[in-house]
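For reference, data_25.cif is printed below; it contains mmCIF, C-alpha atoms.
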data_model
loop_
_atom_site.label_atom_id
_atom_site.label_comp_id
_atom_site.auth_asym_id
_atom_site.auth_seq_id
_atom_site.Cartn_x
_atom_site.Cartn_y
_atom_site.Cartn_z
CA MET M 30 3.44 5.22 -23.35
CA ALA M 31 2.74 3.61 -19.96
CA VAL M 32 0.86 5.75 -17.44
CA SER M 33 3.04 7.24 -14.71
CA VAL M 34 2.52 6.47 -11.02
CA ALA M 35 4.77 7.85 -8.28
CA ILE M 36 5.22 6.16 -4.92
CA CYS M 37 6.59 8.06 -1.94
CA GLY M 38 7.02 5.70 0.94
CA SER M 39 8.80 2.98 2.82
CA VAL M 40 11.08 0.22 1.65
CA ASN M 41 12.03 -2.65 3.95
CA ILE M 42 13.54 -6.07 3.86
CA ASP M 43 10.95 -8.54 5.18
CA VAL M 44 12.06 -11.51 7.26
CA THR M 45 9.05 -13.84 7.35
CA ALA M 46 8.61 -16.94 9.52
CA PHE M 47 5.85 -19.49 8.84
CA SER M 48 4.27 -21.57 11.62
CA PRO M 49 1.01 -23.49 12.21
CA ARG M 50 -0.25 -20.69 14.47
CA LEU M 51 0.85 -17.31 15.75
CA PRO M 52 2.49 -17.32 19.19
CA ARG M 53 0.72 -15.87 22.20
CA ALA M 54 2.49 -13.36 24.42
CA GLY M 55 5.54 -15.00 26.01
CA GLU M 56 5.23 -18.16 23.91
CA THR M 57 7.69 -19.73 21.46
CA VAL M 58 6.37 -21.83 18.59
CA HIS M 59 8.29 -23.91 16.05
CA GLY M 60 8.18 -22.64 12.50
CA SER M 61 8.39 -24.62 9.27
CA ARG M 62 10.46 -22.18 7.17
CA TYR M 63 11.44 -18.56 6.69
CA SER M 64 12.13 -16.19 3.82
CA MET M 65 13.82 -12.84 3.24
CA SER M 66 12.31 -10.54 0.62
CA LEU M 67 11.53 -6.99 -0.46
CA GLY M 68 8.84 -5.31 1.62
CA GLY M 69 7.64 -2.05 3.06
CA LYS M 70 4.28 -0.66 2.03
CA GLY M 71 5.83 1.78 -0.43
CA ALA M 72 8.01 -0.84 -2.11
CA ASN M 73 5.14 -3.33 -2.25
CA GLN M 74 2.92 -0.76 -3.94
CA ALA M 75 5.69 0.17 -6.38
CA ALA M 76 6.20 -3.48 -7.33
CA ALA M 77 2.45 -3.90 -7.83
CA VAL M 78 2.31 -0.86 -10.12
CA ALA M 79 5.28 -2.06 -12.20
CA ARG M 80 3.89 -5.61 -12.51
CA LEU M 81 0.71 -4.13 -13.98
CA GLY M 82 2.68 -2.46 -16.75
CA ALA M 83 2.63 1.14 -15.52
CA ARG M 84 5.68 3.32 -15.01
CA ALA M 85 6.46 3.10 -11.28
CA SER M 86 8.86 5.70 -9.83
CA PHE M 87 9.91 5.47 -6.20
CA ILE M 88 10.82 8.21 -3.74
CA GLY M 89 12.38 7.01 -0.48
CA ARG M 90 15.49 6.04 1.46
CA VAL M 91 17.52 2.95 2.32
CA GLY M 92 20.59 2.59 4.50
CA ALA M 93 24.18 2.17 3.34
CA ASP M 94 24.11 -1.54 4.18
CA SER M 95 23.58 -4.95 2.58
CA PHE M 96 19.82 -4.79 3.13
CA GLY M 97 19.76 -1.46 1.28
CA ASP M 98 21.68 -2.96 -1.65
CA LEU M 99 19.26 -5.90 -1.70
CA ALA M 100 16.19 -3.64 -1.62
CA ARG M 101 17.46 -1.48 -4.47
CA ALA M 102 18.30 -4.54 -6.55
CA ARG M 103 14.88 -6.10 -5.98
CA LEU M 104 13.02 -2.91 -6.90
CA THR M 105 15.06 -2.67 -10.09
CA GLU M 106 14.24 -6.30 -10.92
CA PHE M 107 10.53 -5.47 -10.63
CA GLY M 108 11.05 -2.63 -13.10
CA VAL M 109 10.72 0.22 -10.61
CA ASP M 110 12.61 3.46 -11.31
CA THR M 111 14.90 4.02 -8.27
CA THR M 112 16.46 7.30 -9.41
CA HIS M 113 15.03 9.02 -6.32
CA LEU M 114 15.73 6.19 -3.85
CA VAL M 115 18.40 7.82 -1.65
CA THR M 116 21.11 5.92 0.23
CA ASP M 117 21.24 7.37 3.76
CA PRO M 118 24.67 6.90 5.39
CA ALA M 119 23.32 7.72 8.85
CA ALA M 120 20.48 5.17 9.11
CA ALA M 121 19.89 1.46 8.62
CA THR M 122 17.53 0.06 6.00
CA GLY M 123 14.05 -0.59 7.35
CA VAL M 124 13.13 -4.15 8.31
CA ALA M 125 9.89 -6.00 9.03
CA LEU M 126 9.72 -9.13 11.17
CA ILE M 127 6.65 -11.09 10.08
CA ALA M 128 4.93 -14.19 11.45
CA VAL M 129 2.39 -16.03 9.24
CA ASP M 130 0.17 -18.94 10.31
CA ASP M 131 -1.57 -21.71 8.38
CA ARG M 132 -4.74 -19.59 8.00
CA ALA M 133 -2.76 -16.83 6.23
CA GLU M 134 -3.14 -14.52 9.24
CA ASN M 135 -0.09 -12.47 10.20
CA SER M 136 1.52 -10.28 12.83
CA ILE M 137 4.24 -7.78 11.95
CA ILE M 138 6.88 -5.71 13.76
CA VAL M 139 8.38 -2.93 11.64
CA VAL M 140 11.61 -1.07 12.39
CA GLY M 141 11.48 2.00 10.17
CA GLY M 142 15.18 2.87 9.96
CA ALA M 143 15.98 5.12 6.98
CA ASN M 144 12.28 5.41 6.11
CA LEU M 145 11.86 7.72 9.09
CA SER M 146 14.47 10.12 7.72
CA ILE M 147 12.57 10.96 4.52
CA ASP M 148 12.00 14.72 4.47
CA ARG M 149 10.84 17.63 2.34
CA GLY M 150 14.25 17.74 0.67
CA ASP M 151 13.64 14.30 -0.83
CA VAL M 152 10.32 15.55 -2.16
CA GLU M 153 11.82 18.72 -3.60
CA HIS M 154 14.51 16.74 -5.42
CA ALA M 155 11.77 14.60 -6.98
CA SER M 156 9.42 17.47 -7.84
CA GLY M 157 9.77 16.89 -11.59
CA LEU M 158 8.70 13.28 -11.15
CA LEU M 159 5.73 14.28 -8.99
CA HIS M 160 4.59 16.81 -11.59
CA GLU M 161 4.57 14.08 -14.26
CA ALA M 162 2.71 11.47 -12.19
CA ARG M 163 -0.99 10.97 -12.82
CA VAL M 164 -1.33 9.31 -9.41
CA LEU M 165 0.75 9.45 -6.22
CA LEU M 166 0.63 6.60 -3.71
CA LEU M 167 1.27 7.43 -0.05
CA GLN M 168 1.34 5.43 3.19
CA LEU M 169 2.10 6.24 6.84
CA GLU M 170 5.45 4.48 7.25
CA ILE M 171 7.25 7.77 6.50
CA PRO M 172 7.04 11.18 8.24
CA LEU M 173 3.74 12.97 7.63
CA ALA M 174 5.45 16.22 6.68
CA ALA M 175 7.16 14.55 3.72
CA ALA M 176 3.95 12.80 2.69
CA PHE M 177 1.96 16.05 2.79
CA ALA M 178 4.63 17.85 0.75
CA ALA M 179 4.53 15.12 -1.91
CA ALA M 180 0.73 15.27 -2.01
CA ALA M 181 0.72 19.04 -2.45
CA THR M 182 3.29 18.87 -5.27
CA THR M 183 1.33 16.21 -7.15
CA ARG M 184 -1.99 17.97 -6.76
CA ALA M 185 -0.56 21.28 -7.90
CA ALA M 186 0.19 19.60 -11.23
CA GLY M 187 -3.27 18.04 -11.51
CA GLY M 188 -2.44 14.54 -10.26
CA LEU M 189 -4.45 12.39 -7.85
CA VAL M 190 -3.31 11.30 -4.38
CA VAL M 191 -4.20 7.87 -2.95
CA LEU M 192 -3.49 7.53 0.78
CA ASP M 193 -3.20 4.17 2.52
CA PRO M 194 -3.56 5.21 6.20
CA ALA M 195 -1.39 2.38 7.48
CA PRO M 196 -0.25 1.90 10.08
CA ALA M 197 -2.98 4.06 11.61
CA PRO M 198 -1.61 6.15 14.51
CA PRO M 199 -3.18 5.37 17.92
CA GLY M 200 -4.62 8.88 18.14
CA GLY M 201 -5.97 8.86 14.60
CA LEU M 202 -5.03 11.36 11.89
CA PRO M 203 -5.31 15.16 11.67
CA ASP M 204 -7.81 16.68 9.25
CA ALA M 205 -4.85 17.71 7.08
CA ALA M 206 -4.25 14.05 6.22
CA PHE M 207 -7.81 13.60 4.95
CA ASN M 208 -7.70 16.90 3.08
CA ALA M 209 -4.47 15.82 1.34
CA ALA M 210 -6.08 12.69 -0.11
CA ASP M 211 -8.24 12.28 -3.17
CA VAL M 212 -8.83 8.67 -2.11
CA ILE M 213 -8.27 7.13 1.33
CA THR M 214 -8.13 3.31 1.56
CA PRO M 215 -8.19 1.93 5.13
CA ASN M 216 -8.65 -1.74 6.01
CA GLU M 217 -10.89 -2.89 8.86
CA VAL M 218 -8.41 -2.14 11.66
CA GLU M 219 -7.47 1.24 10.25
CA THR M 220 -11.09 2.20 9.66
CA GLU M 221 -11.91 1.53 13.29
CA ALA M 222 -8.90 3.58 14.42
CA LEU M 223 -9.86 6.52 12.20
CA VAL M 224 -13.64 6.75 12.64
CA GLY M 225 -14.50 4.36 15.47
CA ILE M 226 -16.37 1.81 13.33
CA LYS M 227 -15.18 -1.72 12.63
CA PRO M 228 -16.68 -2.48 9.19
CA VAL M 229 -17.87 -6.05 9.56
CA THR M 230 -21.08 -5.51 7.56
CA ARG M 231 -21.87 -3.48 4.46
CA ILE M 232 -24.01 -1.11 6.55
CA GLN M 233 -21.11 -0.47 8.91
CA ALA M 234 -18.74 -0.01 5.98
CA ALA M 235 -21.11 2.50 4.39
CA ASP M 236 -21.31 4.46 7.63
CA ALA M 237 -17.52 4.41 7.97
CA ALA M 238 -16.99 5.53 4.36
CA GLY M 239 -19.37 8.42 4.90
CA ARG M 240 -17.44 9.54 7.96
CA LEU M 241 -14.12 9.30 6.12
CA VAL M 242 -15.44 11.53 3.35
CA ALA M 243 -16.89 13.91 5.92
CA ARG M 244 -13.40 14.29 7.41
CA GLY M 245 -12.16 15.71 4.10
CA ALA M 246 -11.20 12.86 1.75
CA ARG M 247 -12.80 13.15 -1.69
CA ALA M 248 -13.42 9.41 -1.85
CA ALA M 249 -13.13 6.46 0.54
CA VAL M 250 -12.47 2.77 -0.06
CA VAL M 251 -13.03 0.51 2.94
CA LYS M 252 -11.15 -2.76 2.52
CA MET M 253 -13.01 -5.50 4.42
CA GLY M 254 -10.63 -8.38 3.74
CA ALA M 255 -12.43 -11.57 2.78
CA ARG M 256 -15.79 -9.77 3.09
CA GLY M 257 -15.22 -7.48 0.09
CA VAL M 258 -14.75 -3.76 -0.51
CA PHE M 259 -17.08 -0.80 0.01
CA TYR M 260 -16.45 2.51 -1.74
CA ARG M 261 -17.90 6.01 -1.85
CA ASP M 262 -17.09 9.08 -3.95
CA ALA M 263 -18.89 12.17 -5.17
CA THR M 264 -20.91 10.17 -7.71
CA GLY M 265 -22.22 7.50 -5.37
CA GLU M 266 -21.30 4.34 -3.53
CA GLY M 267 -20.98 0.63 -4.15
CA PHE M 268 -19.73 -2.74 -3.00
CA VAL M 269 -17.36 -5.24 -4.61
CA GLN M 270 -17.91 -8.87 -3.66
CA PRO M 271 -14.78 -10.82 -2.70
CA PHE M 272 -13.17 -12.81 -5.50
CA PRO M 273 -13.00 -16.59 -4.93
CA VAL M 274 -9.29 -17.40 -4.60
CA ALA M 275 -7.27 -19.88 -2.53
CA ALA M 276 -5.58 -17.51 -0.08
CA ILE M 277 -2.36 -18.62 1.60
CA ASN M 278 -0.74 -15.34 2.71
CA SER M 279 -2.36 -11.93 3.17
CA VAL M 280 0.88 -9.97 3.69
CA GLY M 281 1.03 -7.19 1.12
CA ALA M 282 -2.44 -7.82 -0.32
CA GLY M 283 -3.61 -4.35 0.67
CA ASP M 284 -0.55 -2.85 -1.00
CA CYS M 285 -1.32 -4.70 -4.23
CA PHE M 286 -4.89 -3.41 -3.96
CA ASN M 287 -3.61 0.15 -3.77
CA GLY M 288 -1.16 -0.40 -6.61
CA GLY M 289 -4.00 -1.68 -8.77
CA LEU M 290 -6.24 1.23 -7.80
CA ALA M 291 -3.53 3.72 -8.75
CA VAL M 292 -2.92 2.10 -12.14
CA ALA M 293 -6.64 1.97 -12.97
CA LEU M 294 -7.17 5.59 -11.96
CA ALA M 295 -4.07 6.67 -13.91
CA ARG M 296 -5.57 5.00 -16.99
CA GLY M 297 -8.69 7.10 -16.51
CA GLU M 298 -11.08 4.30 -15.51
CA PRO M 299 -14.29 5.23 -13.67
CA PHE M 300 -13.97 4.98 -9.91
CA ALA M 301 -16.23 1.93 -9.55
CA ALA M 302 -14.29 0.03 -12.23
CA ALA M 303 -10.98 1.07 -10.67
CA VAL M 304 -12.04 -0.29 -7.27
CA ARG M 305 -13.09 -3.62 -8.80
CA PHE M 306 -9.77 -3.86 -10.64
CA ALA M 307 -7.96 -3.12 -7.37
CA ALA M 308 -9.97 -5.77 -5.53
CA ALA M 309 -8.91 -8.38 -8.09
CA CYS M 310 -5.26 -7.36 -7.60
CA GLY M 311 -5.58 -7.69 -3.83
CA ALA M 312 -7.29 -11.07 -4.08
CA LEU M 313 -4.61 -12.51 -6.37
CA ALA M 314 -1.88 -11.24 -4.04
CA THR M 315 -3.17 -13.52 -1.27
CA THR M 316 -2.42 -16.57 -3.41
CA GLY M 317 1.34 -15.91 -3.40
CA SER M 318 4.14 -15.97 -0.85
CA GLY M 319 3.43 -12.47 0.47
CA GLY M 320 4.90 -8.99 0.07
CA ALA M 321 6.14 -7.55 -3.21
CA ALA M 322 6.73 -10.97 -4.75
CA SER M 323 2.97 -11.65 -4.70
CA ALA M 324 2.08 -8.70 -6.93
CA PRO M 325 0.02 -10.06 -9.87
CA THR M 326 0.55 -9.39 -13.56
CA LEU M 327 -1.97 -7.47 -15.66
CA ALA M 328 -2.84 -10.65 -17.58
CA ALA M 329 -3.65 -12.52 -14.36
CA VAL M 330 -5.86 -9.69 -13.11
CA GLU M 331 -7.74 -9.47 -16.40
CA ASP M 332 -8.30 -13.24 -16.36
CA LEU M 333 -9.79 -13.04 -12.86
CA LEU M 334 -12.03 -10.13 -13.83
CA ARG M 335 -13.38 -12.07 -16.80
CA GLY M 336 -14.27 -14.83 -14.36
#
What's the structure tokens form of this structure?
Amino acid sequence: MAVSVAICGSVNIDVTAFSPRLPRAGETVHGSRYSMSLGGKGANQAAAVARLGARASFIGRVGADSFGDLARARLTEFGVDTTHLVTDPAAATGVALIAVDDRAENSIIVVGGANLSIDRGDVEHASGLLHEARVLLLQLEIPLAAAFAAAATTRAAGGLVVLDPAPAPPGGLPDAAFNAADVITPNEVETEALVGIKPVTRIQAADAAGRLVARGARAAVVKMGARGVFYRDATGEGFVQPFPVAAINSVGAGDCFNGGLAVALARGEPFAAAVRFAAACGALATTGSGGAASAPTLAAVEDLLRG
């Protein structure tokens, strides 16, 4: 039977515009094309988990609108269980407005919509699912109270909690957020927001990981983009070199990383091996069109790992 991973988080419809460069403040640039696809950090992570062959079950909300119908249909197509994806009649489905340039850099505006209405009641209704899950994936595009409740329910049943602290709040996170996570996985921007260190070098990443663990997380994974990944847990620390891929779009790559990390941990892999597996997932995601659609298959990840 496939390992079970639960995802409590956001689901959006992404409207992505592609242009040679990102506009400066007050500037209009001509784009070459646009797309409309499934997004939201929670949905992206759920799609990544399902693509890797694990059982992905989603807890969240969409609006009673055409975007909500589209999001539910897309998640189902990926193989995600949407039993606990609630249709909220009082809120619109979340949307993300994304700009991507020719270097695969991006800027994103997110309107949370129904994602911001997720509450403890949603978690309570999904308590059976959370008790079954070996790993729970969380992000910060939903209210913290709901995320903490989901984490507590999963941990009470012996499951692991992986927290992607994105988007990082301007004032950082309370200690309760670190204490709720077995693994915290910030990127460069989020690391700087949380501990005041921008991890450009391995030494800086090691310092940052140490501070993240000191705040209460049991393990830390610092995602350094094209410079690799640094990790630390109770058994030690290490670094994963970046995989050589032809990146065209980095949107959702971090979500695919987290999906891969959750699947590897749910399968019982050692932490170092799980981080390397996750790094391969994230690298492959940059070679696609972005968002959930770029989530790699297990076969593709295994091929990359074999080199």
With the file shown as input, list the residues that the PyMOL selection byres ((chain M and resi 66) around 9) selects, as a list in words.
-> Asn41, Ile42, Asp43, Val44, Thr45, Ser64, Met65, Leu67, Gly68, Leu99, Ala100, Arg103, Gly320, Ala321 and Ala322 of chain M
Restricting it to C-alpha atoms, dump the selection as a short mmCIF file (atom, residue, chain, number, x, y, z; two decimals), in the coordinates of the input.
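The resulting file, out.cif, is shown below:
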data_model
loop_
_atom_site.label_atom_id
_atom_site.label_comp_id
_atom_site.auth_asym_id
_atom_site.auth_seq_id
_atom_site.Cartn_x
_atom_site.Cartn_y
_atom_site.Cartn_z
CA ASN M 41 12.03 -2.65 3.95
CA ILE M 42 13.54 -6.07 3.86
CA ASP M 43 10.95 -8.54 5.18
CA VAL M 44 12.06 -11.51 7.26
CA THR M 45 9.05 -13.84 7.35
CA SER M 64 12.13 -16.19 3.82
CA MET M 65 13.82 -12.84 3.24
CA LEU M 67 11.53 -6.99 -0.46
CA GLY M 68 8.84 -5.31 1.62
CA LEU M 99 19.26 -5.90 -1.70
CA ALA M 100 16.19 -3.64 -1.62
CA ARG M 103 14.88 -6.10 -5.98
CA GLY M 320 4.90 -8.99 0.07
CA ALA M 321 6.14 -7.55 -3.21
CA ALA M 322 6.73 -10.97 -4.75
#
Could you tell me which residues the PyMOL selection byres ((chain M and resi 196) around 6) grabs in this file, written as a list of chain:residue names?
-> M:Leu169, M:Ala195, M:Ala197
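Between CA of Leu290 (chain M) and CA of Ala303 (chain M) there is a distance of 5.5 Å.
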Which of these, M:Leu145, M:Val78, M:Phe268, M:Cys285, has the shortest distance to Cys310 (chain M) once you count all atoms listed in the file?
-> M:Cys285
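Note that the spacing between CA of Glu217 (chain M) and CA of Ala308 (chain M) amounts to 14.7 Å.
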May I have the protein, DNA and RNA residues with an atom at most 10 Å from (4.4, 6.1, 3.6), counting all atoms listed in the file in the file's coordinates, returned as a PyMOL selection string?
-> chain M and resi 36-40+69-72+88-89+144-145+147+166-173+175-176+192-196
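Using only C-alpha atoms for every distance, the candidate list M:Gly92, M:Gly288, M:Gly141, M:Pro228 yields M:Gly288 as the residue closest to Ser33 (chain M).
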Residue contacts of Asn135 (chain M) (10 Å, all atoms listed in the file) excluding same-chain residues fewer than 6 positions away, as a PDB file with C-alpha atoms, in the frame of the given file:
ATOM      1  CA  THR M  45       9.050 -13.840   7.350  1.00  0.00           C
ATOM      2  CA  ALA M  46       8.610 -16.940   9.520  1.00  0.00           C
ATOM      3  CA  PHE M  47       5.850 -19.490   8.840  1.00  0.00           C
ATOM      4  CA  ARG M  50      -0.250 -20.690  14.470  1.00  0.00           C
ATOM      5  CA  LEU M  51       0.850 -17.310  15.750  1.00  0.00           C
ATOM      6  CA  ILE M 127       6.650 -11.090  10.080  1.00  0.00           C
ATOM      7  CA  ALA M 128       4.930 -14.190  11.450  1.00  0.00           C
ATOM      8  CA  VAL M 129       2.390 -16.030   9.240  1.00  0.00           C
ATOM      9  CA  ASN M 278      -0.740 -15.340   2.710  1.00  0.00           C
ATOM     10  CA  SER M 279      -2.360 -11.930   3.170  1.00  0.00           C
ATOM     11  CA  VAL M 280       0.880  -9.970   3.690  1.00  0.00           C
TER      12      VAL M 280
END
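Minimum atom-to-atom distances from M:Val32, M:Ala276, M:Val269, M:Leu223 to Met253 (chain M) were compared using all atoms listed in the file, and the lowest value belongs to M:Val269.
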Pick out the residues sitting within 12 Å of Ala180 (chain M), and hand them over as an MDAnalysis selection string; count all atoms listed in the file, and ignore anything fewer than 6 positions along from it in its own chain.
-> chainID M and resid 35:38 149 152:153 156 159:160 162:168 173:174 186:192 205:212
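Using all atoms listed in the file, the shortest contact distance between Ala328 (chain M) and any of M:Arg53, M:Arg80, M:Arg62, M:Lys252 is found at M:Arg80.
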On this file, the PyMOL selection byres ((chain M and resi 264) around 12) gives some set of residues; write that set as a VMD selection string.
-> chain M and resid 247 to 249 260 to 263 265 to 267 299 to 301
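Closest to Ser323 (chain M) among M:Ala282, M:Val218, M:Ala31, M:Leu158 is M:Ala282, based on all atoms listed in the file.
The spacing separating CA of Ala309 (chain M) from CA of Thr230 (chain M) amounts to 20.0 Å.
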